[in-house]
Amino acid sequence: DAKTTQPTSMDCAEGRAANLPCNHSTISGNEYVYWYRQIHSQGPQYIIHGLKNNETNEMASLIITEDRKSSTLILPHATLRDTAVYYCIVRVASIGSARQLTFGSGTQLTVLP
Amino acid sequence: GAVVSQHPSWVICKSGTSVKIECRSLDFQATTMFWYRQFPKQSLMLMATSNEGSKATYEQGVEKDKFLINHASLTLSTLTVTSAHPEDSSFYICSARENTEAFFGQGTRLTVV
C-alpha cells in the first residue's frame with residue numbers, strides 16, 4: 001500500500017469547514033484513497049473513499065487531485081463532535097480482499113468553540 | 001454501514017489472569033477479522049488476522065501463545081489475553097470487512113493491575 005503523509009494536527013473553528021490534506025505521491029492506479037476517523041477511546045469510523053473522482057456523502061467530501069498524488073477531506077460544517085484523529089489510507093479496494101488496513105499517525109483535528 | 005460489536009468495552013483484571021474479548025459482525029458475515037492494539041498516543045498496530053475455520057496469522061513480534069485467537073463462526077472472533085501483565089494494558093480493537101469497506105468495533109480498554 002502506498003505511503004501517506006498528513007499534518008500532525010490542525011485546528012478548526014466550530015461551524016467552519018475543516019480541510020484535511022493528505023499526500024500520497026506513490027499511489028498506484030488501482031489504489032483507492034480511504035478516510036477513517038477515531039474519536040478518543042473509540043474504534044475507527046469509516047468516512048469516505050474514492051479512486052479519482054470527487055466523492056461526497058452525508059459526512060464529508062473527498063477531493064482528489066487530477067494526478068491523484070494528494071487529496072483533501074472536507075467536513076463542511078465542523079462541530080465539536082468532529083474532534084478526532086483522521087487517518088488517510090491508500091489501498092487496493094478489491095472485494096473480498098483479506099488485507100488489513102495500515103494506519104499511519106493521522107491528523108489530530110481539534111474543533112474549537 | 002455494517003456493524004461490528006466488541007465486548008466488553010473495558011475490563012480490569014489482575015496480573016496473571018486471562019481475559020477474553022469478543023468481536024461480532026452483527027449484520028454480515030466475515031470470513032476474516034483483524035485484531036489491532038493501540039497504546040496511548042500511538043496509532044493502531046495490527047496484531048493478527050483471524051480466519052474463520054483456520055489458524056490465525058500473527059504479525060511479527062506478537063506471541064501467538066499469549067494472544068489466543070478463535071474464529072469459530074462467520075460472525076464471531078475472540079481474542080484471549082492469557083496470563084496478562086501490566087504491559088498488556090492497552091486498547092484492543094477488532095475489524096471486519098464487508099465488500100470493500102472495513103468496519104471496526106468500539107474497542108476494549110484492558111487494564112491489568
# chains A, B, ... in the order shown; residues from 1 in each chain; ligands from 1
$ closest_atom_pairs --of "chain B" --to "chain A" --cutoff "7 Å" --atoms "only C-alpha atoms" --output "CSV"
residue,atom,partner,partner_atom,distance
B:Thr32,CA,A:Ala98,CA,6.3
B:Phe34,CA,A:Gln100,CA,6.9
B:Ser43,CA,A:Ser105,CA,5.6
B:Leu44,CA,A:Phe103,CA,6.1
B:Ile93,CA,A:Gly43,CA,6.3
B:Asn99,CA,A:Ile95,CA,4.7
B:Thr100,CA,A:Ile95,CA,5.0
B:Phe103,CA,A:Tyr46,CA,6.8
B:Phe104,CA,A:Gly43,CA,5.7
B:Gly105,CA,A:Gly43,CA,5.6
B:Gln106,CA,A:Gly43,CA,4.5
B:Gly107,CA,A:Gly43,CA,5.2
$ closest_atom_pairs --of "region 10-29 of chain B" --to "region 82-90 of chain B" --cutoff "8 Å" --atoms "only C-alpha atoms" --output "tab-separated table"
residue	atom	partner	partner_atom	distance
B:Cys13	CA	B:Ala84	CA	8.0
B:Lys14	CA	B:Ala84	CA	7.6
B:Ser15	CA	B:His85	CA	4.9
B:Gly16	CA	B:Ser83	CA	4.1
B:Thr17	CA	B:Ser83	CA	4.9
B:Ser18	CA	B:Thr82	CA	4.3
B:Val19	CA	B:Thr82	CA	6.6
$ atom_distance --atom1 "CA of Ala18 (chain A)" --atom2 "CA of Arg81 (chain A)"
12.7 Å
$ residues_around --residues "Thr110 (chain A)" --least-positions-apart "2" --cutoff "10 Å" --atoms "only C-alpha atoms" --output "number ranges by chain"
A: 9-14, 18, 78-85, 107-108, 112-113
$ write_last_selection --atoms "all heavy atoms" --output "tab-separated table (two decimals), in the first residue's frame"
chain	number	residue	atom	x	y	z
A	9	SER	N	-1.34	17.84	13.30
A	9	SER	CA	-2.52	18.40	13.97
A	9	SER	C	-3.04	19.60	13.21
A	9	SER	O	-2.31	20.25	12.45
A	9	SER	CB	-2.18	18.80	15.41
A	9	SER	OG	-1.20	19.82	15.41
A	10	MET	N	-4.34	19.87	13.43
A	10	MET	CA	-4.99	21.04	12.85
A	10	MET	C	-6.09	21.49	13.79
A	10	MET	O	-6.68	20.67	14.50
A	10	MET	CB	-5.64	20.70	11.50
A	10	MET	CG	-4.70	20.38	10.37
A	10	MET	SD	-5.62	20.03	8.85
A	10	MET	CE	-6.40	21.59	8.55
A	11	ASP	N	-6.36	22.79	13.77
A	11	ASP	CA	-7.50	23.35	14.50
A	11	ASP	C	-8.50	23.91	13.51
A	11	ASP	O	-8.14	24.32	12.41
A	11	ASP	CB	-7.04	24.47	15.44
A	11	ASP	CG	-6.20	23.98	16.59
A	11	ASP	OD1	-6.24	22.77	16.87
A	11	ASP	OD2	-5.48	24.80	17.19
A	12	CYS	N	-9.75	23.92	13.92
A	12	CYS	CA	-10.79	24.47	13.08
A	12	CYS	C	-11.85	25.07	13.98
A	12	CYS	O	-12.17	24.51	15.04
A	12	CYS	CB	-11.40	23.36	12.21
A	12	CYS	SG	-12.82	23.88	11.24
A	13	ALA	N	-12.40	26.22	13.57
A	13	ALA	CA	-13.47	26.85	14.35
A	13	ALA	C	-14.78	26.12	14.10
A	13	ALA	O	-15.09	25.71	12.97
A	13	ALA	CB	-13.59	28.32	13.98
A	14	GLU	N	-15.54	25.97	15.15
A	14	GLU	CA	-16.85	25.32	15.03
A	14	GLU	C	-17.71	26.04	14.01
A	14	GLU	O	-17.79	27.27	13.98
A	14	GLU	CB	-17.54	25.33	16.40
A	14	GLU	CG	-18.83	24.55	16.46
A	14	GLU	CD	-19.45	24.56	17.85
A	14	GLU	OE1	-19.08	25.44	18.66
A	14	GLU	OE2	-20.28	23.69	18.13
A	18	ALA	N	-13.68	22.23	7.69
A	18	ALA	CA	-12.36	21.67	8.04
A	18	ALA	C	-11.82	20.99	6.79
A	18	ALA	O	-12.49	20.13	6.21
A	18	ALA	CB	-12.49	20.68	9.19
A	78	ALA	N	-17.89	21.95	10.56
A	78	ALA	CA	-17.33	21.17	11.67
A	78	ALA	C	-18.06	21.46	12.98
A	78	ALA	O	-18.41	22.61	13.29
A	78	ALA	CB	-15.85	21.48	11.82
A	79	THR	N	-18.28	20.41	13.76
A	79	THR	CA	-18.84	20.55	15.10
A	79	THR	C	-17.84	20.02	16.11
A	79	THR	O	-16.85	19.37	15.75
A	79	THR	CB	-20.16	19.76	15.23
A	79	THR	OG1	-19.86	18.35	15.23
A	79	THR	CG2	-21.12	20.07	14.10
A	80	LEU	N	-18.11	20.29	17.37
A	80	LEU	CA	-17.19	19.84	18.42
A	80	LEU	C	-17.03	18.32	18.38
A	80	LEU	O	-15.97	17.78	18.74
A	80	LEU	CB	-17.69	20.30	19.79
A	80	LEU	CG	-17.79	21.81	19.98
A	80	LEU	CD1	-18.33	22.13	21.38
A	80	LEU	CD2	-16.44	22.49	19.76
A	81	ARG	N	-18.09	17.62	17.97
A	81	ARG	CA	-18.03	16.16	17.92
A	81	ARG	C	-17.16	15.63	16.79
A	81	ARG	O	-16.91	14.43	16.71
A	81	ARG	CB	-19.45	15.60	17.77
A	81	ARG	CG	-20.26	15.68	19.05
A	81	ARG	CD	-21.68	15.18	18.85
A	81	ARG	NE	-22.45	16.05	17.98
A	81	ARG	CZ	-23.74	15.87	17.70
A	81	ARG	NH1	-24.38	14.84	18.18
A	81	ARG	NH2	-24.37	16.70	16.91
A	82	ASP	N	-16.70	16.51	15.92
A	82	ASP	CA	-15.79	16.10	14.86
A	82	ASP	C	-14.34	16.07	15.33
A	82	ASP	O	-13.44	15.68	14.57
A	82	ASP	CB	-15.93	17.02	13.65
A	82	ASP	CG	-17.26	16.87	12.94
A	82	ASP	OD1	-17.75	15.72	12.85
A	82	ASP	OD2	-17.82	17.89	12.49
A	83	THR	N	-14.09	16.50	16.55
A	83	THR	CA	-12.74	16.42	17.10
A	83	THR	C	-12.32	14.96	17.17
A	83	THR	O	-12.97	14.14	17.82
A	83	THR	CB	-12.67	17.06	18.50
A	83	THR	OG1	-12.90	18.47	18.38
A	83	THR	CG2	-11.33	16.81	19.16
A	84	ALA	N	-11.24	14.62	16.47
A	84	ALA	CA	-10.81	13.22	16.35
A	84	ALA	C	-9.47	13.17	15.62
A	84	ALA	O	-8.99	14.18	15.11
A	84	ALA	CB	-11.85	12.41	15.58
A	85	VAL	N	-8.91	11.97	15.56
A	85	VAL	CA	-7.74	11.73	14.70
A	85	VAL	C	-8.26	11.21	13.37
A	85	VAL	O	-9.05	10.26	13.33
A	85	VAL	CB	-6.76	10.72	15.33
A	85	VAL	CG1	-5.59	10.46	14.38
A	85	VAL	CG2	-6.25	11.24	16.67
A	107	THR	N	-4.05	12.81	11.44
A	107	THR	CA	-4.11	14.22	11.82
A	107	THR	C	-5.08	14.40	12.97
A	107	THR	O	-6.23	14.00	12.87
A	107	THR	CB	-4.59	15.10	10.65
A	107	THR	OG1	-3.66	15.04	9.58
A	107	THR	CG2	-4.77	16.56	11.09
A	108	GLN	N	-4.60	14.97	14.05
A	108	GLN	CA	-5.49	15.29	15.17
A	108	GLN	C	-6.20	16.60	14.84
A	108	GLN	O	-5.58	17.66	14.81
A	108	GLN	CB	-4.70	15.45	16.47
A	108	GLN	CG	-5.52	16.01	17.62
A	108	GLN	CD	-6.62	15.07	18.08
A	108	GLN	OE1	-6.37	13.94	18.48
A	108	GLN	NE2	-7.87	15.54	18.04
A	112	LEU	N	-12.64	23.98	17.63
A	112	LEU	CA	-12.68	24.92	18.74
A	112	LEU	C	-14.02	25.65	18.80
A	112	LEU	O	-14.56	26.03	17.77
A	112	LEU	CB	-11.55	25.94	18.58
A	112	LEU	CG	-10.15	25.33	18.47
A	112	LEU	CD1	-9.12	26.40	18.11
A	112	LEU	CD2	-9.78	24.66	19.78
A	113	PRO	N	-14.56	25.85	20.00
A	113	PRO	CA	-15.85	26.55	20.12
A	113	PRO	C	-15.74	28.03	19.79
A	113	PRO	O	-14.65	28.60	19.82
A	113	PRO	CB	-16.22	26.33	21.59
A	113	PRO	CG	-14.93	26.04	22.28
A	113	PRO	CD	-14.04	25.37	21.28
$ closest_residue --among "B:Ala30, B:Ile21, B:Met47, B:Leu74" --to "Ala96 (chain B)" --atoms "only C-alpha atoms"
B:Ala30
$ closest_residue --among "B:Leu26, B:Leu79, B:Cys94, B:Met33" --to "Met45 (chain B)" --atoms "only C-alpha atoms"
B:Cys94
$ residues_around --residues "region 52-54 of chain B" --least-positions-apart "4" --cutoff "6 Å" --atoms "only C-alpha atoms" --output "PyMOL selection string"
chain B and resi 31+71-72
$ write_last_selection --atoms "all heavy atoms" --output "tab-separated table (two decimals), in the first residue's frame"
chain	number	residue	atom	x	y	z
B	31	THR	N	-15.48	-13.65	6.89
B	31	THR	CA	-14.53	-14.76	6.86
B	31	THR	C	-13.24	-14.38	7.56
B	31	THR	O	-12.57	-15.22	8.16
B	31	THR	CB	-14.21	-15.13	5.40
B	31	THR	OG1	-15.42	-15.39	4.71
B	31	THR	CG2	-13.31	-16.35	5.33
B	71	HIS	N	-11.77	-18.16	15.77
B	71	HIS	CA	-12.75	-17.61	14.83
B	71	HIS	C	-13.64	-18.77	14.41
B	71	HIS	O	-13.53	-19.30	13.31
B	71	HIS	CB	-12.01	-17.00	13.64
B	71	HIS	CG	-12.84	-16.13	12.77
B	71	HIS	ND1	-12.31	-15.10	12.02
B	71	HIS	CD2	-14.16	-16.09	12.52
B	71	HIS	CE1	-13.26	-14.49	11.34
B	71	HIS	NE2	-14.38	-15.08	11.62
B	72	ALA	N	-14.54	-19.16	15.33
B	72	ALA	CA	-15.30	-20.39	15.16
B	72	ALA	C	-16.49	-20.26	14.23
B	72	ALA	O	-17.01	-21.25	13.74
B	72	ALA	CB	-15.77	-20.88	16.53
$ select_by_dssp --residues "chain B" --states "strand (DSSP E)" --output "ChimeraX atom specification"
/B:4-7,10-13,19-25,32-38,45-51,57-58,67-73,76-81,90-98,101-104,108-112
$ write_last_selection --atoms "C-alpha atoms" --output "CSV table (one decimal), in the first residue's frame"
chain,number,residue,atom,x,y,z
B,4,VAL,CA,-19.1,-4.7,14.3
B,5,SER,CA,-19.8,-5.2,18.0
B,6,GLN,CA,-17.0,-5.7,20.5
B,7,HIS,CA,-17.4,-6.8,24.1
B,10,TRP,CA,-13.5,-2.1,29.2
B,11,VAL,CA,-12.1,-4.6,31.6
B,12,ILE,CA,-9.8,-4.6,34.6
B,13,CYS,CA,-8.0,-7.8,35.6
B,19,VAL,CA,-9.2,-12.1,29.6
B,20,LYS,CA,-11.4,-12.8,26.6
B,21,ILE,CA,-12.6,-10.2,24.2
B,22,GLU,CA,-15.4,-10.9,21.7
B,23,CYS,CA,-15.8,-9.4,18.2
B,24,ARG,CA,-19.1,-9.9,16.4
B,25,SER,CA,-20.2,-8.8,12.9
B,32,THR,CA,-11.7,-12.6,8.0
B,33,MET,CA,-11.4,-10.3,11.0
B,34,PHE,CA,-8.4,-8.3,12.3
B,35,TRP,CA,-7.2,-7.5,15.7
B,36,TYR,CA,-5.3,-4.3,16.5
B,37,ARG,CA,-3.7,-2.9,19.6
B,38,GLN,CA,-3.3,0.8,20.3
B,45,MET,CA,-0.9,-1.7,15.2
B,46,LEU,CA,-2.1,-4.9,13.6
B,47,MET,CA,-1.7,-7.9,15.9
B,48,ALA,CA,-3.2,-10.7,13.9
B,49,THR,CA,-5.5,-11.8,11.2
B,50,SER,CA,-8.3,-14.1,12.3
B,51,ASN,CA,-9.6,-16.6,9.7
B,57,THR,CA,-1.9,-15.3,11.3
B,58,TYR,CA,0.2,-13.3,13.7
B,67,PHE,CA,-2.8,-13.8,22.4
B,68,LEU,CA,-5.1,-16.7,21.5
B,69,ILE,CA,-7.5,-16.1,18.7
B,70,ASN,CA,-10.5,-18.2,17.8
B,71,HIS,CA,-12.8,-17.6,14.8
B,72,ALA,CA,-15.3,-20.4,15.2
B,73,SER,CA,-18.1,-18.9,13.1
B,76,LEU,CA,-17.6,-14.2,15.9
B,77,SER,CA,-13.9,-13.9,16.6
B,78,THR,CA,-12.4,-13.9,20.1
B,79,LEU,CA,-9.1,-12.7,21.4
B,80,THR,CA,-7.9,-14.1,24.7
B,81,VAL,CA,-5.0,-12.4,26.5
B,90,SER,CA,-3.8,-1.3,26.0
B,91,PHE,CA,-6.8,-0.5,23.8
B,92,TYR,CA,-7.7,-3.6,21.7
B,93,ILE,CA,-9.8,-3.1,18.5
B,94,CYS,CA,-11.2,-5.6,16.1
B,95,SER,CA,-12.2,-5.1,12.5
B,96,ALA,CA,-14.1,-6.9,9.8
B,97,ARG,CA,-14.5,-6.3,6.2
B,98,GLU,CA,-17.7,-6.2,4.1
B,101,GLU,CA,-15.0,-1.4,3.4
B,102,ALA,CA,-13.6,-2.2,6.8
B,103,PHE,CA,-15.7,-1.7,9.9
B,104,PHE,CA,-14.4,-1.5,13.4
B,108,THR,CA,-11.8,-2.8,24.5
B,109,ARG,CA,-9.8,-0.9,27.1
B,110,LEU,CA,-7.8,-3.5,29.1
B,111,THR,CA,-6.1,-2.6,32.3
B,112,VAL,CA,-4.0,-5.1,34.1
$ atom_distance --atom1 "CA of Gln6 (chain A)" --atom2 "CA of His77 (chain A)"
20.8 Å
$ residues_around --residues "Ser25 (chain A)" --least-positions-apart "3" --cutoff "8 Å" --atoms "only C-alpha atoms" --output "number ranges by chain"
A: 4, 68-70
$ closest_atom_pairs --of "region 39-86 of chain A" --to "region 19-22 of chain A" --cutoff "8 Å" --atoms "only C-alpha atoms" --output "JSON lines"
{"residue": "A:Ser70", "atom": "CA", "partner": "A:Cys22", "partner_atom": "CA", "distance": 5.6}
{"residue": "A:Ser71", "atom": "CA", "partner": "A:Cys22", "partner_atom": "CA", "distance": 5.3}
{"residue": "A:Thr72", "atom": "CA", "partner": "A:Pro21", "partner_atom": "CA", "distance": 4.4}
{"residue": "A:Leu73", "atom": "CA", "partner": "A:Leu20", "partner_atom": "CA", "distance": 5.0}
{"residue": "A:Ile74", "atom": "CA", "partner": "A:Asn19", "partner_atom": "CA", "distance": 4.6}
{"residue": "A:Leu75", "atom": "CA", "partner": "A:Asn19", "partner_atom": "CA", "distance": 6.6}
$ write_last_selection --atoms "all heavy atoms" --output "PDB file, in the first residue's frame"
ATOM      1  N   SER A  70      -2.433  13.677  -4.268  1.00  0.00           N
ATOM      2  CA  SER A  70      -2.877  14.227  -2.988  1.00  0.00           C
ATOM      3  C   SER A  70      -4.396  14.311  -2.968  1.00  0.00           C
ATOM      4  O   SER A  70      -5.053  14.218  -4.011  1.00  0.00           O
ATOM      5  CB  SER A  70      -2.270  15.607  -2.733  1.00  0.00           C
ATOM      6  OG  SER A  70      -2.752  16.535  -3.691  1.00  0.00           O
ATOM      7  N   SER A  71      -4.923  14.468  -1.774  1.00  0.00           N
ATOM      8  CA  SER A  71      -6.372  14.582  -1.618  1.00  0.00           C
ATOM      9  C   SER A  71      -6.671  15.439  -0.395  1.00  0.00           C
ATOM     10  O   SER A  71      -5.796  15.694   0.439  1.00  0.00           O
ATOM     11  CB  SER A  71      -7.019  13.198  -1.470  1.00  0.00           C
ATOM     12  OG  SER A  71      -6.519  12.518  -0.328  1.00  0.00           O
ATOM     13  N   THR A  72      -7.909  15.876  -0.330  1.00  0.00           N
ATOM     14  CA  THR A  72      -8.367  16.680   0.805  1.00  0.00           C
ATOM     15  C   THR A  72      -9.717  16.172   1.271  1.00  0.00           C
ATOM     16  O   THR A  72     -10.632  15.986   0.450  1.00  0.00           O
ATOM     17  CB  THR A  72      -8.504  18.163   0.420  1.00  0.00           C
ATOM     18  OG1 THR A  72      -7.237  18.660  -0.026  1.00  0.00           O
ATOM     19  CG2 THR A  72      -8.962  18.995   1.623  1.00  0.00           C
ATOM     20  N   LEU A  73      -9.820  15.937   2.550  1.00  0.00           N
ATOM     21  CA  LEU A  73     -11.104  15.598   3.152  1.00  0.00           C
ATOM     22  C   LEU A  73     -11.721  16.882   3.663  1.00  0.00           C
ATOM     23  O   LEU A  73     -11.073  17.653   4.377  1.00  0.00           O
ATOM     24  CB  LEU A  73     -10.918  14.615   4.311  1.00  0.00           C
ATOM     25  CG  LEU A  73     -12.202  14.218   5.035  1.00  0.00           C
ATOM     26  CD1 LEU A  73     -13.023  13.265   4.174  1.00  0.00           C
ATOM     27  CD2 LEU A  73     -11.889  13.601   6.395  1.00  0.00           C
ATOM     28  N   ILE A  74     -12.968  17.107   3.324  1.00  0.00           N
ATOM     29  CA  ILE A  74     -13.641  18.336   3.742  1.00  0.00           C
ATOM     30  C   ILE A  74     -14.845  17.993   4.611  1.00  0.00           C
ATOM     31  O   ILE A  74     -15.740  17.259   4.196  1.00  0.00           O
ATOM     32  CB  ILE A  74     -14.109  19.162   2.525  1.00  0.00           C
ATOM     33  CG1 ILE A  74     -12.914  19.526   1.642  1.00  0.00           C
ATOM     34  CG2 ILE A  74     -14.843  20.426   2.981  1.00  0.00           C
ATOM     35  CD1 ILE A  74     -13.291  20.185   0.334  1.00  0.00           C
ATOM     36  N   LEU A  75     -14.827  18.532   5.824  1.00  0.00           N
ATOM     37  CA  LEU A  75     -16.002  18.480   6.687  1.00  0.00           C
ATOM     38  C   LEU A  75     -16.645  19.852   6.566  1.00  0.00           C
ATOM     39  O   LEU A  75     -16.077  20.838   7.046  1.00  0.00           O
ATOM     40  CB  LEU A  75     -15.602  18.202   8.133  1.00  0.00           C
ATOM     41  CG  LEU A  75     -14.717  16.982   8.384  1.00  0.00           C
ATOM     42  CD1 LEU A  75     -14.389  16.872   9.871  1.00  0.00           C
ATOM     43  CD2 LEU A  75     -15.382  15.722   7.882  1.00  0.00           C
TER      44      LEU A  75
END
$ atom_distance --atom1 "CA of Ile64 (chain A)" --atom2 "CA of Gln42 (chain B)"
27.1 Å
